[in-house]
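Here is work_2.json, consisting of JSON, C-alpha atoms:
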[["chain", "number", "residue", "atom", "x", "y", "z"],
["U", 1, "MET", "CA", -201.15, -15.85, 168.00],
["U", 2, "ALA", "CA", -200.54, -19.59, 168.28],
["U", 3, "SER", "CA", -203.39, -22.00, 167.81],
["U", 4, "LYS", "CA", -204.47, -24.23, 170.69],
["U", 5, "PHE", "CA", -202.98, -27.14, 168.74],
["U", 6, "GLN", "CA", -199.58, -25.42, 168.43],
["U", 7, "VAL", "CA", -199.59, -24.50, 172.14],
["U", 8, "LEU", "CA", -200.43, -28.10, 173.02],
["U", 9, "LEU", "CA", -197.60, -29.40, 170.84],
["U", 10, "ALA", "CA", -195.15, -26.85, 172.21],
["U", 11, "GLY", "CA", -196.13, -27.76, 175.76],
["U", 12, "ALA", "CA", -195.54, -31.41, 174.96],
["U", 13, "GLY", "CA", -192.14, -30.58, 173.43],
["U", 14, "LEU", "CA", -193.26, -31.76, 169.98],
["U", 15, "LEU", "CA", -193.16, -28.47, 168.08],
["U", 16, "SER", "CA", -189.64, -27.97, 166.82],
["U", 17, "CYS", "CA", -190.24, -25.35, 164.14],
["U", 18, "ALA", "CA", -192.89, -22.88, 163.06],
["U", 19, "VAL", "CA", -195.33, -24.60, 160.72],
["U", 20, "THR", "CA", -198.68, -23.30, 159.60],
["U", 21, "ILE", "CA", -201.29, -25.80, 160.70],
["U", 22, "ALA", "CA", -204.67, -25.33, 159.09],
["U", 23, "ALA", "CA", -207.53, -27.25, 157.59],
["U", 24, "GLU", "CA", -207.31, -28.17, 153.92],
["U", 25, "GLN", "CA", -208.04, -25.18, 151.68],
["U", 26, "ARG", "CA", -210.04, -25.86, 148.53],
["U", 27, "VAL", "CA", -208.73, -24.17, 145.38],
["U", 28, "GLU", "CA", -210.87, -24.06, 142.25],
["U", 29, "ILE", "CA", -208.92, -25.19, 139.18],
["U", 30, "LYS", "CA", -210.83, -24.05, 136.10],
["U", 31, "SER", "CA", -208.78, -26.23, 133.76],
["U", 32, "ASP", "CA", -209.71, -29.36, 135.79],
["U", 33, "PRO", "CA", -213.41, -29.06, 136.68],
["U", 34, "GLU", "CA", -213.69, -32.83, 137.36],
["U", 35, "GLY", "CA", -211.12, -32.77, 140.16],
["U", 36, "LYS", "CA", -211.30, -31.24, 143.61],
["U", 37, "HIS", "CA", -208.01, -29.58, 144.55],
["U", 38, "TYR", "CA", -206.80, -28.70, 148.04],
["U", 39, "ILE", "CA", -203.80, -27.12, 149.72],
["U", 40, "VAL", "CA", -203.01, -29.64, 152.45],
["U", 41, "GLU", "CA", -199.88, -28.02, 153.87],
["U", 42, "ARG", "CA", -198.00, -24.76, 153.40],
["U", 43, "GLN", "CA", -194.42, -24.14, 154.50],
["U", 44, "GLY", "CA", -191.64, -21.82, 153.39],
["U", 45, "THR", "CA", -192.06, -18.06, 153.10],
["U", 46, "SER", "CA", -194.62, -15.81, 151.45],
["U", 47, "GLU", "CA", -192.24, -15.25, 148.50],
["U", 48, "ASN", "CA", -191.16, -18.91, 148.27],
["U", 49, "PRO", "CA", -193.97, -21.11, 149.59],
["U", 50, "VAL", "CA", -193.73, -24.90, 149.53],
["U", 51, "LEU", "CA", -197.16, -26.47, 149.07],
["U", 52, "VAL", "CA", -198.48, -29.97, 149.49],
["U", 53, "THR", "CA", -201.58, -30.25, 147.34],
["U", 54, "LYS", "CA", -204.15, -32.98, 146.91],
["U", 55, "ARG", "CA", -206.40, -33.78, 143.96],
["U", 56, "VAL", "CA", -209.46, -35.95, 144.45],
["U", 57, "GLY", "CA", -210.85, -37.28, 141.17],
["U", 58, "PRO", "CA", -214.45, -38.06, 140.32],
["U", 59, "ASP", "CA", -213.69, -41.73, 141.02],
["U", 60, "LYS", "CA", -212.42, -40.72, 144.52],
["U", 61, "SER", "CA", -208.79, -41.43, 143.53],
["U", 62, "THR", "CA", -206.33, -39.21, 145.38],
["U", 63, "HIS", "CA", -203.03, -37.74, 144.18],
["U", 64, "TYR", "CA", -200.61, -35.66, 146.28],
["U", 65, "MET", "CA", -197.96, -33.26, 144.97],
["U", 66, "LYS", "CA", -195.34, -31.13, 146.69],
["U", 67, "ARG", "CA", -194.30, -27.95, 144.86],
["U", 68, "SER", "CA", -191.90, -25.10, 145.58],
["U", 69, "ILE", "CA", -193.12, -21.81, 144.11],
["U", 70, "ASP", "CA", -190.90, -18.82, 143.36],
["U", 71, "CYS", "CA", -193.44, -15.98, 143.48],
["U", 72, "LYS", "CA", -190.98, -13.25, 142.44],
["U", 73, "ASN", "CA", -189.82, -15.03, 139.27],
["U", 74, "TRP", "CA", -193.11, -16.89, 138.64],
["U", 75, "LYS", "CA", -191.52, -20.35, 138.59],
["U", 76, "VAL", "CA", -192.33, -23.76, 140.09],
["U", 77, "ARG", "CA", -190.41, -26.92, 140.95],
["U", 78, "ASN", "CA", -192.11, -30.23, 141.62],
["U", 79, "LEU", "CA", -190.56, -31.88, 144.68],
["U", 80, "GLY", "CA", -192.48, -35.16, 144.69],
["U", 81, "GLU", "CA", -195.81, -36.76, 143.91],
["U", 82, "GLY", "CA", -197.78, -39.91, 144.54],
["U", 83, "PRO", "CA", -201.08, -41.49, 145.60],
["U", 84, "THR", "CA", -200.26, -41.02, 149.31],
["U", 85, "PRO", "CA", -198.22, -38.46, 151.29],
["U", 86, "GLU", "CA", -195.67, -41.20, 151.98],
["U", 87, "ALA", "CA", -195.26, -41.98, 148.28],
["U", 88, "MET", "CA", -195.04, -38.25, 147.52],
["U", 89, "ASN", "CA", -192.22, -37.85, 150.04],
["U", 90, "LYS", "CA", -190.32, -40.71, 148.40],
["U", 91, "GLY", "CA", -190.76, -39.18, 144.95],
["U", 92, "THR", "CA", -187.90, -37.74, 142.93],
["U", 93, "PRO", "CA", -187.81, -33.93, 142.70],
["U", 94, "ASP", "CA", -187.62, -32.37, 139.26],
["U", 95, "PRO", "CA", -184.01, -31.35, 138.58],
["U", 96, "ASP", "CA", -185.00, -27.93, 137.23],
["U", 97, "ILE", "CA", -187.34, -25.12, 138.14],
["U", 98, "SER", "CA", -189.82, -24.22, 135.35],
["U", 99, "ALA", "CA", -191.76, -21.14, 134.35],
["U", 100, "ILE", "CA", -195.38, -21.20, 135.50],
["U", 101, "GLU", "CA", -197.53, -21.53, 132.41],
["U", 102, "GLU", "CA", -200.73, -19.55, 131.99],
["U", 103, "GLY", "CA", -203.81, -21.64, 132.76],
["U", 104, "SER", "CA", -201.82, -24.44, 134.39],
["U", 105, "ILE", "CA", -202.61, -26.04, 137.73],
["U", 106, "PRO", "CA", -199.44, -24.53, 139.28],
["U", 107, "GLU", "CA", -200.62, -21.09, 138.14],
["U", 108, "HIS", "CA", -203.90, -21.50, 140.05],
["U", 109, "PHE", "CA", -202.04, -22.47, 143.24],
["U", 110, "ALA", "CA", -199.44, -19.69, 142.79],
["U", 111, "ARG", "CA", -202.17, -17.08, 142.33],
["U", 112, "HIS", "CA", -203.78, -18.38, 145.51],
["U", 113, "VAL", "CA", -200.65, -18.17, 147.71],
["U", 114, "CYS", "CA", -198.33, -15.53, 146.23],
["U", 115, "PRO", "CA", -198.61, -12.04, 147.71],
["U", 116, "GLU", "CA", -199.20, -10.43, 144.32],
["U", 117, "PRO", "CA", -199.68, -11.86, 140.83],
["U", 118, "HIS", "CA", -196.76, -11.92, 138.44],
["U", 119, "PRO", "CA", -196.97, -8.95, 136.08],
["U", 120, "GLY", "CA", -197.23, -11.25, 133.07],
["U", 121, "SER", "CA", -200.06, -13.36, 134.48],
["U", 122, "ARG", "CA", -203.64, -12.78, 133.54],
["U", 123, "PRO", "CA", -205.99, -11.03, 136.00]]

Represent the supplied structure as structure tokens.
Amino acid sequence: MASKFQVLLAGAGLLSCAVTIAAEQRVEIKSDPEGKHYIVERQGTSENPVLVTKRVGPDKSTHYMKRSIDCKNWKVRNLGEGPTPEAMNKGTPDPDISAIEEGSIPEHFARHVCPEPHPGSRP
């Protein structure tokens, strides 16, 4: 069922594709207890989500990162990063996709959004 916001946008002719619109989701990152991490935006599919994440540091500094996650093969590719969404979108994507390392920040986000954990990941 479409949200009231999506219906409003569709009625105004502003919704051109299906995008999940939701409030920021907080994700606890055990390896970075000083930072507060959020999923700001989620696109793509359940097997290949594309996430925009935000980290707010103890000094209130903010850092955005866009990542593509391959849930089936447990890999990640950074698509851009910066102190603002605009800077993130102008960032240079990594040329290669990398394995998701155990205990890493990408692992925490992947475990949060992938339909089932990779067999080699810890419980």

Problem set entry | Atomic separation - CA of Thr84 in chain U relative to CA of Thr53 in chain U, Å | 11.0 Å

Exercise. Rounded to one decimal in Å, what is the spacing between CA of Cys114 in chain U and CA of Lys66 in chain U?
Worked result: 15.9 Å

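Each of U:Val76, U:Val56, U:Met88, U:Val50 was compared to Glu34 in chain U using all atoms listed in the file, and U:Val56 turns out to be the nearest.
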
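Minimum atom-to-atom distances from U:Thr92, U:Ser98, U:Ser68, U:Gln43 to Ala110 in chain U were compared using only C-alpha atoms, and the lowest value belongs to U:Ser68.
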
Exercise. Which polymer residues, protein or nucleic acid, are no farther than 10 Å from (-209.1, -28.9, 144.0), counting all atoms listed in the file, as a list in words?
Worked result: Gln25, Arg26, Val27, Glu28, Ile29, Lys30, Asp32, Pro33, Glu34, Gly35, Lys36, His37, Tyr38, Ile39, Thr53, Lys54, Arg55, Val56, Gly57, Ile105, His108 and Phe109 of chain U

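Atom to atom, CA of Gly82 in chain U and CA of Gly44 in chain U stand 21.1 Å apart.
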
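You can rank U:Lys75, U:Thr45, U:Val52, U:Pro85 by their closest distance to Glu107 in chain U using only C-alpha atoms, and at the top of that list sits U:Lys75.
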
Problem set entry | Among the residues U:Asp59, U:Asp70, U:Glu24, U:Asp94, the one that comes closest to Pro115 in chain U [using only C-alpha atoms] | U:Asp70

For this session: Using only C-alpha atoms, pick whichever of U:Glu81, U:Ala23, U:Ser31, U:Lys90 has the shortest atom-to-atom distance to Gly103 in chain U.
Result: U:Ser31

For this session: Please provide the set of residues having any atom within 6 Å of Arg67 in chain U, restricted to all atoms listed in the file, with same-chain residues fewer than 6 positions apart removed, written as a list in words.
Result: Val50, Leu51, Arg77, Asn78 and Leu79 of chain U

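Among the candidate residues U:Tyr64, U:Val113, U:Trp74, U:Glu86, the one lying nearest to Glu101 in chain U is U:Trp74, with distances computed using only C-alpha atoms.
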
Starting from 6 Å padding per side, set up an axis-aligned box that covers all listed atoms of range 109-113 of chain U and hand over centre and edge lengths in Å, one decimal, as AutoDock Vina command-line options.
--center_x -201.6 --center_y -19.8 --center_z 145.0 --size_x 16.3 --size_y 17.4 --size_z 17.4
